[in-house]
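J.: You'll find input35.cif just under this line, and it carries mmCIF, C-alpha atoms.
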```cif
data_coords
#
loop_
_atom_site.label_atom_id
_atom_site.label_comp_id
_atom_site.auth_asym_id
_atom_site.auth_seq_id
_atom_site.Cartn_x
_atom_site.Cartn_y
_atom_site.Cartn_z
CA MET O 21 -1.89 39.24 15.29
CA ALA O 22 -1.28 35.53 14.88
CA ARG O 23 -1.72 33.52 18.05
CA ILE O 24 -1.22 30.00 19.28
CA ILE O 25 -4.57 28.74 20.47
CA GLY O 26 -3.71 25.20 21.40
CA GLY O 27 -1.27 22.34 21.44
CA VAL O 28 -1.61 18.70 20.48
CA GLY O 29 0.69 15.92 21.60
CA THR O 30 0.42 12.65 19.76
CA SER O 31 2.37 9.56 18.76
CA HIS O 32 3.02 9.19 15.04
CA THR O 33 3.50 5.43 14.67
CA PRO O 34 3.49 4.54 10.95
CA ALA O 35 1.29 1.48 11.47
CA ILE O 36 -1.55 3.87 12.40
CA GLY O 37 -1.33 5.45 8.95
CA ALA O 38 -1.18 2.04 7.32
CA ALA O 39 -4.31 0.98 9.24
CA VAL O 40 -6.21 3.97 7.83
CA ASP O 41 -4.84 3.54 4.32
CA ASN O 42 -5.77 -0.15 4.27
CA GLY O 43 -9.24 0.28 5.74
CA LYS O 44 -8.49 -1.48 9.03
CA THR O 45 -9.67 1.18 11.46
CA GLY O 46 -12.69 -0.88 12.52
CA THR O 47 -10.81 -4.07 13.43
CA ASP O 48 -10.57 -5.31 17.01
CA TYR O 49 -6.92 -4.38 17.04
CA TRP O 50 -7.30 -0.81 15.79
CA ALA O 51 -10.80 0.38 16.72
CA PRO O 52 -9.97 1.35 20.34
CA LEU O 53 -7.10 3.52 19.14
CA PHE O 54 -9.15 5.46 16.62
CA LYS O 55 -11.97 5.88 19.09
CA GLY O 56 -9.48 7.67 21.31
CA TYR O 57 -9.08 10.41 18.73
CA GLU O 58 -12.77 11.08 18.04
CA TRP O 59 -13.05 13.86 20.61
CA SER O 60 -9.94 15.57 19.28
CA LYS O 61 -11.12 15.48 15.68
CA LYS O 62 -14.31 17.23 16.73
CA TRP O 63 -12.32 19.77 18.72
CA MET O 64 -10.13 20.46 15.71
CA LYS O 65 -13.19 20.96 13.50
CA LYS O 66 -14.55 23.45 16.00
CA MET O 67 -11.29 25.34 16.38
CA LYS O 68 -10.67 25.57 12.62
CA PRO O 69 -7.03 26.66 12.88
CA ASP O 70 -5.50 28.50 9.93
CA VAL O 71 -2.05 27.09 10.43
CA VAL O 72 -0.49 24.06 12.06
CA ILE O 73 3.12 24.10 13.22
CA MET O 74 4.03 20.44 13.11
CA VAL O 75 6.96 19.47 15.27
CA TYR O 76 7.96 16.02 14.11
CA ASN O 77 10.92 14.00 12.94
CA ASP O 78 11.89 12.54 9.64
CA HIS O 79 12.74 8.82 9.64
CA THR O 80 15.55 8.66 7.08
CA ASN O 81 13.21 9.60 4.25
CA ALA O 82 13.72 13.30 3.49
CA PHE O 83 17.18 13.27 5.02
CA ASP O 84 19.88 10.70 4.53
CA PHE O 85 23.04 11.07 6.58
CA SER O 86 24.74 13.51 4.23
CA ILE O 87 23.04 16.32 6.14
CA ILE O 88 21.64 16.04 9.66
CA PRO O 89 19.92 19.25 10.74
CA THR O 90 19.04 19.36 14.43
CA PHE O 91 16.15 21.76 13.77
CA GLY O 92 14.82 22.35 10.24
CA LEU O 93 11.93 24.64 9.39
CA GLY O 94 9.90 23.84 6.27
CA CYS O 95 9.54 27.08 4.30
CA ALA O 96 8.27 25.60 1.02
CA GLU O 97 4.96 26.19 -0.80
CA GLU O 98 4.19 22.53 -0.50
CA PHE O 99 5.62 19.30 0.83
CA PRO O 100 5.17 16.11 -1.20
CA ILE O 101 4.51 12.81 0.57
CA ALA O 102 7.57 10.54 0.74
CA ASP O 103 7.73 6.97 -0.55
CA GLU O 104 9.18 5.31 2.53
CA GLY O 105 9.77 2.00 0.82
CA TRP O 106 6.20 0.76 0.36
CA GLY O 107 4.84 3.60 -1.78
CA ALA O 108 3.71 7.08 -0.68
CA ARG O 109 0.71 7.27 1.66
CA PRO O 110 -2.43 8.21 -0.28
CA VAL O 111 -2.94 11.49 1.56
CA PRO O 112 -3.18 15.02 0.15
CA ILE O 113 -0.05 16.99 -0.50
CA VAL O 114 0.82 19.23 2.44
CA LYS O 115 0.50 22.95 1.74
CA GLY O 116 2.95 25.21 3.50
CA TYR O 117 2.90 28.90 4.32
CA PRO O 118 6.21 30.26 3.00
CA GLU O 119 5.71 33.90 4.04
CA PHE O 120 4.81 33.07 7.61
CA ALA O 121 7.49 30.36 7.81
CA ALA O 122 10.16 32.80 6.57
CA HIS O 123 9.12 35.24 9.27
CA ILE O 124 9.31 32.53 11.92
CA ALA O 125 12.75 31.45 10.69
CA GLN O 126 14.08 34.99 10.89
CA SER O 127 12.61 35.59 14.28
CA VAL O 128 13.89 32.42 15.95
CA ILE O 129 17.34 32.67 14.37
CA LEU O 130 17.69 36.17 15.80
CA ASP O 131 16.53 34.63 19.06
CA GLU O 132 19.67 32.45 18.83
CA PHE O 133 18.15 29.22 17.52
CA ASP O 134 20.28 28.36 14.49
CA LEU O 135 17.78 26.33 12.58
CA THR O 136 18.11 25.06 9.04
CA ILE O 137 15.78 26.42 6.39
CA LEU O 138 14.21 23.75 4.22
CA ASN O 139 12.89 25.02 0.90
CA GLU O 140 12.38 21.55 -0.55
CA MET O 141 11.36 18.60 1.51
CA GLN O 142 9.26 15.49 1.37
CA VAL O 143 7.36 14.60 4.51
CA ASP O 144 6.92 11.13 5.95
CA HIS O 145 4.64 9.41 8.46
CA GLY O 146 6.05 11.54 11.27
CA LEU O 147 4.00 14.41 9.86
CA THR O 148 1.19 12.68 7.96
CA VAL O 149 0.02 10.31 10.72
CA PRO O 150 -0.77 13.14 13.17
CA MET O 151 -2.54 14.95 10.31
CA THR O 152 -4.68 11.89 9.65
CA LEU O 153 -5.42 11.38 13.35
CA LEU O 154 -6.61 14.95 13.88
CA PHE O 155 -8.00 15.94 10.46
CA ASP O 156 -9.26 12.57 9.20
CA SER O 157 -9.02 11.75 5.47
CA PRO O 158 -10.13 14.81 3.50
CA LYS O 159 -9.44 15.43 -0.21
CA ALA O 160 -7.32 18.43 0.75
CA TRP O 161 -5.99 19.33 4.20
CA PRO O 162 -8.11 22.14 5.69
CA VAL O 163 -5.07 23.90 7.09
CA ARG O 164 -1.64 25.14 6.07
CA VAL O 165 1.27 23.40 7.71
CA ILE O 166 4.70 24.62 8.74
CA PRO O 167 6.82 21.54 9.45
CA LEU O 168 9.52 21.74 12.09
CA ALA O 169 11.75 18.71 11.66
CA VAL O 170 13.82 17.74 14.69
CA ASN O 171 16.67 15.26 14.60
CA VAL O 172 15.87 12.48 17.04
CA VAL O 173 17.31 9.70 14.86
CA GLN O 174 21.01 10.25 15.41
CA TYR O 175 22.04 10.64 19.04
CA PRO O 176 22.05 13.17 20.55
CA PRO O 177 18.78 14.93 19.82
CA PRO O 178 18.49 18.45 21.21
CA THR O 179 17.94 18.49 24.98
CA GLY O 180 14.48 18.84 26.43
CA ASN O 181 15.45 22.23 27.81
CA ARG O 182 16.60 23.43 24.40
CA CYS O 183 13.31 22.27 22.91
CA TRP O 184 11.32 24.04 25.60
CA ASN O 185 13.16 27.29 24.91
CA LEU O 186 12.72 26.92 21.17
CA GLY O 187 9.00 26.62 21.83
CA LYS O 188 9.09 29.91 23.68
CA ALA O 189 10.91 31.54 20.76
CA LEU O 190 8.32 30.14 18.36
CA ARG O 191 5.57 31.74 20.38
CA LYS O 192 7.30 35.10 20.13
CA ALA O 193 7.73 34.62 16.39
CA VAL O 194 4.06 33.74 15.89
CA GLU O 195 2.83 36.66 17.96
CA SER O 196 4.95 39.14 16.02
CA TRP O 197 3.20 38.27 12.75
CA GLU O 198 0.60 40.87 11.82
CA GLU O 199 -1.95 38.68 10.12
CA ASP O 200 -4.88 37.46 12.18
CA LEU O 201 -4.26 33.72 12.31
CA ASP O 202 -5.13 30.90 14.67
CA VAL O 203 -2.25 28.46 15.08
CA VAL O 204 -2.25 25.01 16.62
CA ILE O 205 1.14 23.52 17.42
CA PHE O 206 1.80 19.78 17.47
CA GLY O 207 4.44 17.87 19.37
CA THR O 208 4.67 14.35 18.00
CA GLY O 209 6.46 11.03 18.53
CA GLY O 210 6.75 8.79 21.56
CA MET O 211 5.40 7.88 23.96
CA SER O 212 7.32 4.97 25.51
CA HIS O 213 8.64 2.72 22.84
CA GLN O 214 11.66 0.86 21.65
CA ILE O 215 11.62 -0.47 18.15
CA GLN O 216 15.09 -1.94 17.84
CA GLY O 217 17.18 -4.81 19.19
CA PRO O 218 16.40 -7.57 21.71
CA ARG O 219 14.86 -4.95 24.02
CA ALA O 220 12.21 -3.94 21.45
CA GLY O 221 8.67 -3.58 22.74
CA ILE O 222 9.32 -1.57 25.92
CA ILE O 223 6.21 0.08 27.29
CA ASN O 224 6.28 2.07 30.53
CA LYS O 225 2.82 3.36 31.35
CA LYS O 226 3.95 4.93 34.59
CA PHE O 227 6.53 6.97 32.74
CA ASP O 228 4.02 8.01 30.07
CA TYR O 229 1.35 9.03 32.58
CA GLY O 230 3.90 10.99 34.57
CA PHE O 231 4.95 12.81 31.43
CA LEU O 232 1.34 13.67 30.54
CA ASP O 233 0.62 14.86 34.08
CA ASN O 234 3.64 17.13 34.17
CA LEU O 235 3.03 18.52 30.72
CA THR O 236 0.22 20.56 32.22
CA ARG O 237 1.28 20.79 35.83
CA ASN O 238 5.03 21.06 35.91
CA PRO O 239 6.59 21.16 32.45
CA LYS O 240 9.85 22.61 33.80
CA LYS O 241 10.44 19.27 35.48
CA LEU O 242 10.20 17.52 32.12
CA THR O 243 12.90 19.75 30.66
CA LYS O 244 15.34 18.11 33.08
CA ILE O 245 14.80 14.54 31.89
CA SER O 246 18.07 13.37 30.37
CA HIS O 247 18.28 11.45 27.12
CA LEU O 248 19.52 8.45 29.08
CA GLU O 249 16.47 8.53 31.33
CA TYR O 250 14.12 8.63 28.35
CA MET O 251 15.91 5.66 26.81
CA ARG O 252 16.19 3.67 30.03
CA GLU O 253 12.66 4.25 31.27
CA GLY O 254 10.72 4.61 28.05
CA GLY O 255 12.81 2.73 25.51
CA ALA O 256 15.44 3.94 23.06
CA GLU O 257 12.99 5.83 20.86
CA ALA O 258 11.04 7.44 23.71
CA VAL O 259 13.60 10.22 23.41
CA GLU O 260 11.27 11.57 20.71
CA LEU O 261 9.26 13.06 23.57
CA VAL O 262 11.61 16.06 23.61
CA MET O 263 9.55 17.24 20.62
CA TRP O 264 6.48 17.56 22.86
CA LEU O 265 8.39 20.11 24.90
CA ILE O 266 8.68 22.43 21.89
CA MET O 267 4.90 22.34 21.66
CA ARG O 268 4.51 22.89 25.38
CA GLY O 269 7.04 25.72 25.45
CA ALA O 270 5.09 27.50 22.73
CA LEU O 271 1.87 27.48 24.78
CA GLY O 272 3.07 29.81 27.50
CA SER O 273 2.90 29.34 31.24
CA LYS O 274 -0.79 28.67 31.64
CA VAL O 275 -2.54 25.85 29.85
CA LYS O 276 -5.65 23.85 30.41
CA GLU O 277 -5.72 20.15 29.65
CA LEU O 278 -8.79 19.50 27.54
CA TYR O 279 -8.33 15.86 26.71
CA ARG O 280 -5.97 12.93 26.99
CA PHE O 281 -5.76 9.40 25.73
CA HIS O 282 -3.32 6.54 26.19
CA HIS O 283 -3.35 3.21 24.45
CA VAL O 284 -1.19 0.11 24.05
CA PRO O 285 -0.24 -1.12 21.49
CA ALA O 286 0.15 0.26 18.03
CA SER O 287 2.58 -2.21 16.49
CA SER O 288 5.64 -1.88 18.76
CA THR O 289 4.64 1.32 20.49
CA GLY O 290 2.53 2.88 23.16
CA VAL O 291 0.31 5.70 21.96
CA GLY O 292 -0.15 8.89 23.91
CA HIS O 293 -2.25 11.88 23.08
CA ILE O 294 -3.09 15.15 24.77
CA VAL O 295 -4.91 18.35 23.80
CA LEU O 296 -3.97 21.54 25.59
CA GLU O 297 -5.56 24.94 25.42
CA ALA O 298 -3.34 28.00 25.60
CA ARG O 299 -4.57 30.44 28.19
CA MET V 12 17.30 14.57 -1.29
CA ILE V 13 16.69 10.94 -2.20
CA PRO V 14 20.08 9.25 -2.25
CA ILE V 15 21.62 8.56 -5.61
CA ILE V 16 23.56 5.37 -5.41
CA GLU V 17 26.36 6.55 -7.70
CA LYS V 18 27.19 9.37 -5.33
CA VAL V 19 28.87 7.73 -2.39
CA PRO V 20 31.50 10.17 -1.18
CA PRO V 21 35.01 8.64 -1.03
CA PHE V 22 35.94 10.26 2.27
CA GLN V 23 33.47 8.10 4.11
CA ASN V 24 35.19 4.89 3.12
CA ASN V 25 36.27 4.05 6.59
CA SER V 26 37.01 0.38 6.08
CA ARG V 27 40.78 1.04 6.18
CA SER V 28 40.93 3.87 8.63
CA VAL V 29 39.19 2.15 11.49
CA ASN V 30 41.28 0.26 13.98
CA LEU V 31 40.08 -2.65 16.03
CA LYS V 32 38.58 -0.45 18.68
CA GLY V 33 36.61 1.40 16.08
CA ARG V 34 38.42 4.70 16.39
CA ILE V 35 39.55 6.88 13.53
CA GLY V 36 43.11 6.15 12.52
CA MET V 37 43.91 9.82 11.88
CA ALA V 38 45.70 10.41 15.13
CA THR V 39 48.15 7.66 14.27
CA ALA V 40 48.91 9.14 10.87
CA LYS V 41 49.32 12.65 12.18
CA ALA V 42 51.48 12.16 15.19
CA LYS V 43 52.88 8.68 15.37
CA GLY V 44 53.99 8.01 18.87
CA ALA V 45 53.88 11.67 19.78
CA ARG V 46 50.39 11.63 21.11
CA LYS V 47 49.12 9.12 23.56
CA LYS V 48 45.98 7.49 22.35
CA LYS V 49 43.02 8.45 24.42
CA ALA V 50 40.98 5.66 25.88
CA LYS V 51 37.61 5.41 24.22
CA LYS V 52 34.99 7.05 26.36
CA VAL V 53 32.35 4.55 27.32
CA GLU V 54 29.01 6.28 27.02
CA ALA V 55 26.47 5.66 29.77
CA TYR V 56 23.89 4.54 27.20
CA GLU V 57 26.15 1.64 26.17
CA ASP V 58 24.91 0.06 29.40
CA LEU V 59 21.38 -0.29 28.03
CA PRO V 60 20.88 -3.99 27.35
CA GLY V 61 19.69 -5.18 23.95
CA THR V 62 20.08 -1.73 22.43
CA TRP V 63 22.46 -0.07 19.99
CA VAL V 64 22.07 3.66 20.35
CA PHE V 65 22.64 5.24 16.96
CA ASP V 66 25.20 7.82 17.94
CA ALA V 67 27.69 9.78 15.83
CA GLN V 68 30.31 7.01 15.97
CA ARG V 69 27.87 4.35 14.86
CA SER V 70 26.52 6.68 12.21
CA ARG V 71 30.05 7.20 10.89
CA LYS V 72 30.68 3.46 10.69
CA GLY V 73 27.32 2.81 9.13
CA TYR V 74 27.36 5.60 6.58
CA ARG V 75 27.69 3.39 3.51
CA LEU V 76 25.49 0.67 4.94
CA ASN V 77 22.71 3.21 5.48
CA LYS V 78 23.24 4.60 1.95
CA PHE V 79 22.47 1.11 0.70
CA PHE V 80 19.27 0.85 2.75
CA MET V 81 18.10 4.21 1.50
CA SER V 82 18.67 3.21 -2.10
CA LEU V 83 15.83 0.73 -1.53
CA MET V 84 13.34 3.60 -1.55
CA LYS V 85 13.28 3.17 -5.34
CA ALA V 86 11.40 0.24 -6.85
CA ASP V 87 14.05 -0.36 -9.54
CA ASN V 88 16.77 -0.55 -6.93
CA ARG V 89 14.74 -3.00 -4.84
CA LYS V 90 14.43 -5.24 -7.88
CA ALA V 91 18.13 -4.98 -8.76
CA PHE V 92 19.13 -5.81 -5.20
CA LEU V 93 16.92 -8.88 -4.97
CA ALA V 94 18.20 -10.14 -8.33
CA ASP V 95 21.87 -10.04 -7.29
CA GLU V 96 22.40 -9.12 -3.65
CA ALA V 97 26.18 -9.48 -3.48
CA GLY V 98 26.71 -7.66 -6.77
CA TYR V 99 24.36 -4.84 -5.80
CA LEU V 100 26.02 -4.36 -2.43
CA LYS V 101 29.47 -3.97 -4.02
CA GLN V 102 28.72 -0.48 -5.33
CA PHE V 103 28.39 0.89 -1.80
CA GLY V 104 31.86 0.04 -0.54
CA MET V 105 30.61 -1.25 2.79
CA THR V 106 32.70 -3.64 4.91
CA ASP V 107 32.48 -7.38 4.32
CA ALA V 108 30.96 -7.81 7.78
CA GLN V 109 28.21 -5.33 6.90
CA ALA V 110 27.52 -7.03 3.55
CA GLN V 111 27.37 -10.44 5.25
CA ALA V 112 24.95 -9.17 7.87
CA VAL V 113 22.71 -7.77 5.12
CA MET V 114 22.70 -10.96 3.09
CA LYS V 115 22.01 -13.11 6.16
CA ARG V 116 19.36 -10.64 7.38
CA GLU V 117 21.06 -10.47 10.76
CA TRP V 118 19.17 -7.43 11.98
CA ASN V 119 20.90 -7.00 15.31
CA ARG V 120 24.30 -7.34 13.68
CA MET V 121 23.29 -4.61 11.20
CA LEU V 122 22.39 -2.36 14.14
CA GLU V 123 25.70 -3.12 15.79
CA LEU V 124 27.60 -2.28 12.60
CA GLY V 125 26.04 1.15 12.25
CA GLY V 126 22.69 0.52 10.62
CA VAL V 127 19.87 2.69 11.89
CA VAL V 128 16.59 0.90 12.48
CA TYR V 129 14.50 3.18 10.20
CA CYS V 130 16.88 2.32 7.38
CA LEU V 131 16.81 -1.39 8.17
CA ALA V 132 13.04 -1.24 7.79
CA LYS V 133 13.49 -0.47 4.09
CA LEU V 134 15.22 -3.84 3.69
CA ALA V 135 12.37 -5.57 5.55
CA PHE V 136 9.86 -3.87 3.21
CA THR V 137 11.94 -4.94 0.21
CA ASP V 138 11.54 -8.50 1.51
CA GLN V 139 7.76 -7.86 1.71
CA ARG V 140 7.91 -8.12 5.47
CA SER V 141 6.33 -5.84 8.05
CA TYR V 142 8.21 -3.72 10.53
CA GLN V 143 6.65 -5.79 13.28
CA SER V 144 8.05 -9.04 11.92
CA MET V 145 11.52 -7.50 11.70
CA ALA V 146 11.23 -6.27 15.29
CA ALA V 147 10.12 -9.74 16.38
CA ASP V 148 13.24 -11.21 14.72
CA MET V 149 15.41 -8.82 16.69
CA THR V 150 13.93 -10.06 19.96
CA GLY V 151 14.24 -13.72 19.03
CA MET V 152 10.46 -14.19 19.20
CA THR V 153 8.08 -15.32 16.53
CA GLU V 154 5.93 -12.54 15.18
CA GLN V 155 2.87 -13.94 16.96
CA GLU V 156 4.71 -14.11 20.29
CA TYR V 157 5.80 -10.51 19.80
CA VAL V 158 2.29 -9.34 18.92
CA ASN V 159 0.95 -11.15 22.00
CA MET V 160 3.52 -9.47 24.21
CA MET V 161 2.49 -6.06 22.86
CA LEU V 162 -1.21 -6.82 23.27
CA ALA V 163 -0.53 -7.81 26.86
CA GLY V 164 0.89 -4.33 27.50
CA GLY V 165 4.39 -4.57 26.06
CA ARG V 166 7.74 -5.36 27.60
CA SER V 167 8.22 -4.01 31.10
CA PRO V 168 11.39 -1.98 31.56
CA ASP V 169 11.94 -3.89 34.81
CA GLY V 170 14.99 -6.05 34.35
CA TRP V 171 15.98 -4.16 31.22
CA ARG V 172 17.35 -0.93 32.65
CA SER V 173 21.03 -1.86 32.59
CA LYS V 174 23.26 -4.71 31.54
CA SER V 175 23.96 -5.66 35.14
CA GLU V 176 20.25 -5.69 35.97
CA ARG V 177 19.74 -7.91 32.94
CA ARG V 178 22.48 -10.34 34.00
CA GLY V 179 20.99 -10.56 37.46
CA ARG V 180 17.79 -11.98 36.02
#
```
Mind converting the file's structure to structure tokens?

T.:
Amino acid sequence: MARIIGGVGTSHTPAIGAAVDNGKTGTDYWAPLFKGYEWSKKWMKKMKPDVVIMVYNDHTNAFDFSIIPTFGLGCAEEFPIADEGWGARPVPIVKGYPEFAAHIAQSVILDEFDLTILNEMQVDHGLTVPMTLLFDSPKAWPVRVIPLAVNVVQYPPPTGNRCWNLGKALRKAVESWEEDLDVVIFGTGGMSHQIQGPRAGIINKKFDYGFLDNLTRNPKKLTKISHLEYMREGGAEAVELVMWLIMRGALGSKVKELYRFHHVPASSTGVGHIVLEAR
Amino acid sequence: MIPIIEKVPPFQNNSRSVNLKGRIGMATAKAKGARKKKAKKVEAYEDLPGTWVFDAQRSRKGYRLNKFFMSLMKADNRKAFLADEAGYLKQFGMTDAQAQAVMKREWNRMLELGGVVYCLAKLAFTDQRSYQSMAADMTGMTEQEYVNMMLAGGRSPDGWRSKSERRGR
């Protein structure tokens, strides 16, 4: 049986990827951030998952506005790296797991989550930055990846509650797959940030810490945060945090917090990170 | 799924069908006088100061503008745009106001007119500028001032939670 062994929450700020790609990880500005991921990289090496389910969002790279899927599951053999306007990141191509992904799609659709199936898709920093943060810079990624793209670009994104329930459906889907696989699920984006308009630069540590605390302790409470509250308290783009609730929903009722890290700033954003063990 | 600039669908040309309040003109065409126009619902998030939430209405208005931004994901298109900005913009059928905002690099105006910030970034990159410097422009700060604010812990949400709270400052 396949099983979800852990969950990772992390920001996916593109500047983090650029810092790695341009050899700036040791600078005064960036070093503290990368230090904050050392523990998690070691943990990941120890856990050696077979598959990552990467909950993330595209940033108008794979999708223009001709089609806006709320939830899209990547079912392709592989996912090329997008050129976001400054050339593609020099990271390995992302290998998918079409058979497992097709099973997950069928299972969650029958569980009443009408997701879109993506058989061709490029992936952008939303997916590759978390990969870099947790798996470093290998020649080939040591894990197969099933991307789950969530629309958080055009308002409204799915509600936190919907995301939480989708996570639960994902868990069911994973556990009904015969093959013996260890799966780690990622929830990415956030934490507090606003990257547009005169209000750009919002950071709300109290809000971020509260979110991290409740992720372990009282995740149901987080499912009740409205989009407006995310935007008002954490900045317009903090609404990305609903994606963390898919991850959390997939971990089941009992989790143990293994590690957390919070840092300001990465470009215009606050960076939050948590590692949870499924019990 | 990369946009092809020749393929801008005609139905999205909303420059004629939008009235002053930004609503679709269809109701007028369908039932002139028969149906009372509904007042535009003011969304609670419109009360966030210094923010243009990219909702379905803004997305509709910005459809062609965002098509233009996405065309800049190709190096040849970036070159063609920089060589003749006005001429290049013509093929997208955007409104004059949108084209003006692009040419003047009025970032906040582009947001207001339906541009989404991730798309705007592609214009900043075309200009060889960083995201951070574009964001600084939006706040009216120099890039260094903006970086300093972020290094000092970012902008507090206090005073920025609503338009009335902002005015009271």

J.: Tell me which protein, DNA and RNA residues are within 6 Å of region 261-278 of chain O, counting all atoms listed in the file, leaving out same-chain ones fewer than 2 positions away, and put them as a list in words.

T.: Gly180, Cys183, Trp184, Gly187, Lys188, Arg191, Ile205, Phe206, Gly207, Gly210, Ala258, Val259, Val295, Leu296, Glu297, Ala298 and Arg299 of chain O

J.: Tell me which protein, DNA and RNA residues are within 8 Å of Thr136 (chain O), counting only C-alpha atoms, leaving out same-chain ones fewer than 3 positions away, and put them as an mmCIF file with C-alpha atoms, in the frame of the given file.

T.:
```
data_model
loop_
_atom_site.group_PDB
_atom_site.id
_atom_site.type_symbol
_atom_site.label_atom_id
_atom_site.label_comp_id
_atom_site.auth_asym_id
_atom_site.auth_seq_id
_atom_site.Cartn_x
_atom_site.Cartn_y
_atom_site.Cartn_z
ATOM 1 C CA PRO O 89 19.920 19.250 10.740
ATOM 2 C CA THR O 90 19.040 19.360 14.430
ATOM 3 C CA PHE O 91 16.150 21.760 13.770
ATOM 4 C CA GLY O 92 14.820 22.350 10.240
ATOM 5 C CA LEU O 93 11.930 24.640 9.390
#
```

J.: Kindly provide, as a ChimeraX atom specification, the residues of chain V having any atom no farther than 7 Å from an atom of chain O, counting all atoms listed in the file.

T.: /V:12-14,56,59-62,65-67,74,83-84,119,128-130,133,136,143,146,149-150,161-162,164-168,172

J.: How far is it from CA of Ile73 (chain O) to CA of Ile166 (chain O), in Å with one decimal?

T.: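 Straight-line distance from CA of Ile73 (chain O) to CA of Ile166 (chain O) works out to 4.8 Å.
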
J.: Ranking O:Val163, O:Leu232, O:Ile88, O:Ala108 by minimum distance to Asp41 (chain O) and counting all atoms listed in the file, which one comes first?

T.: O:Ala108

J.: So which one's closest to Asp70 (chain O), O:Met211, O:Leu201, O:Val149, O:Val111? Using only C-alpha atoms, please.

T.: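 Using only C-alpha atoms, the shortest distance to Asp70 (chain O) belongs to O:Leu201.
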
J.: Nearest to Thr45 (chain O) among O:Ile101, O:Leu153, O:Glu119, O:Ile24, with distances taken over only C-alpha atoms: which residue is it?

T.: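 Checking each candidate against Thr45 (chain O), we get O:Leu153 as the closest.
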
J.: Measure the distance from CA of Tyr229 (chain O) to CA of Leu242 (chain O) in Å and round it to one decimal.

T.: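 Between CA of Tyr229 (chain O) and CA of Leu242 (chain O) the gap is 12.3 Å.
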
J.: Let me make sure I understand: among O:Ala122, O:Val114, O:Val170, O:Leu53, which one has the smallest atom-to-atom distance to Gly209 (chain O) if we use only C-alpha atoms?

T.: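 Once distances to Gly209 (chain O) are computed over only C-alpha atoms, the minimum belongs to O:Val170.
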
J.: Mind pulling up the distance from CA of Glu260 (chain O) to CA of Pro158 (chain O)?

T.: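 Answer for the CA of Pro158 (chain O) to CA of Glu260 (chain O) separation: 27.7 Å.
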
J.: Apply the PyMOL selection byres ((chain V and resi 114) around 12) to the structure shown and report the selected residues as a PyMOL selection string.

T.: chain V and resi 92-93+95-100+107-113+115-118+120-121+134-135+138

J.: May I ask which of the residues O:Val71, O:Ala38, O:Ile137, O:Ile25 is the closest one to Tyr142 (chain V), counting only C-alpha atoms?

T.: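 Closest to Tyr142 (chain V) of all the choices is O:Ala38.
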
J.: Evaluate the PyMOL selection byres ((chain O and resi 156) around 12) and record the selected residues as a PyMOL selection string, following the chain and residue labels used in the document.

T.: chain O and resi 37+40-41+45+54+57-58+60-62+64-65+111-112+148-155+157-162

J.: Evaluating the PyMOL selection byres ((chain O and resi 127) around 10) on the displayed file yields which residues, as a list in words?

T.: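 That expression, the PyMOL selection byres ((chain O and resi 127) around 10), corresponds here to Ala121, Ala122, His123, Ile124, Ala125, Gln126, Val128, Ile129, Leu130, Asp131, Glu132, Phe133, Ala189, Leu190, Lys192, Ala193, Val194, Ser196 and Trp197 of chain O.
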
J.: Determine, counting all atoms listed in the file, which protein, DNA and RNA residues have an atom within 7 Å of an atom of Gly126 (chain V); residues of the same chain fewer than 6 positions away are not included. Present the result as a list of chain:residue names.

T.: V:Gly73, V:Leu76, V:Asn77

J.: Which centre and edge lengths in Å to one decimal define the box along x, y and z that fits every listed atom of region 31-40 of chain O plus 8 Å per side, as JSON?

T.:
```
{"center_x": -1.4, "center_y": 5.3, "center_z": 13.0, "size_x": 25.7, "size_y": 24.6, "size_z": 27.4}
```

J.: Which one is closest to Pro110 (chain O): O:Asp233, O:Asp144, O:Glu199, O:Glu98? Count only C-alpha atoms.

T.: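 Selected residue with least distance to Pro110 (chain O): O:Asp144.
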
J.: Missing atoms in region 189-195 of chain O: can you complete it with N, CA and C atoms, as a short mmCIF file (atom, residue, chain, number, x, y, z; two decimals), in the coordinates of the input?

T.:
```cif
data_model
loop_
_atom_site.label_atom_id
_atom_site.label_comp_id
_atom_site.auth_asym_id
_atom_site.auth_seq_id
_atom_site.Cartn_x
_atom_site.Cartn_y
_atom_site.Cartn_z
N ALA O 189 10.51 30.66 21.86
CA ALA O 189 10.91 31.54 20.76
C ALA O 189 9.89 31.48 19.62
N LEU O 190 9.33 30.29 19.41
CA LEU O 190 8.32 30.14 18.36
C LEU O 190 7.08 30.97 18.69
N ARG O 191 6.73 30.95 19.96
CA ARG O 191 5.57 31.74 20.38
C ARG O 191 5.78 33.22 20.07
N LYS O 192 6.96 33.71 20.41
CA LYS O 192 7.30 35.10 20.13
C LYS O 192 7.21 35.39 18.63
N ALA O 193 7.72 34.45 17.85
CA ALA O 193 7.73 34.62 16.39
C ALA O 193 6.30 34.68 15.86
N VAL O 194 5.45 33.78 16.35
CA VAL O 194 4.06 33.74 15.89
C VAL O 194 3.36 35.04 16.25
N GLU O 195 3.56 35.48 17.47
CA GLU O 195 2.83 36.66 17.96
C GLU O 195 3.33 37.97 17.36
#
```
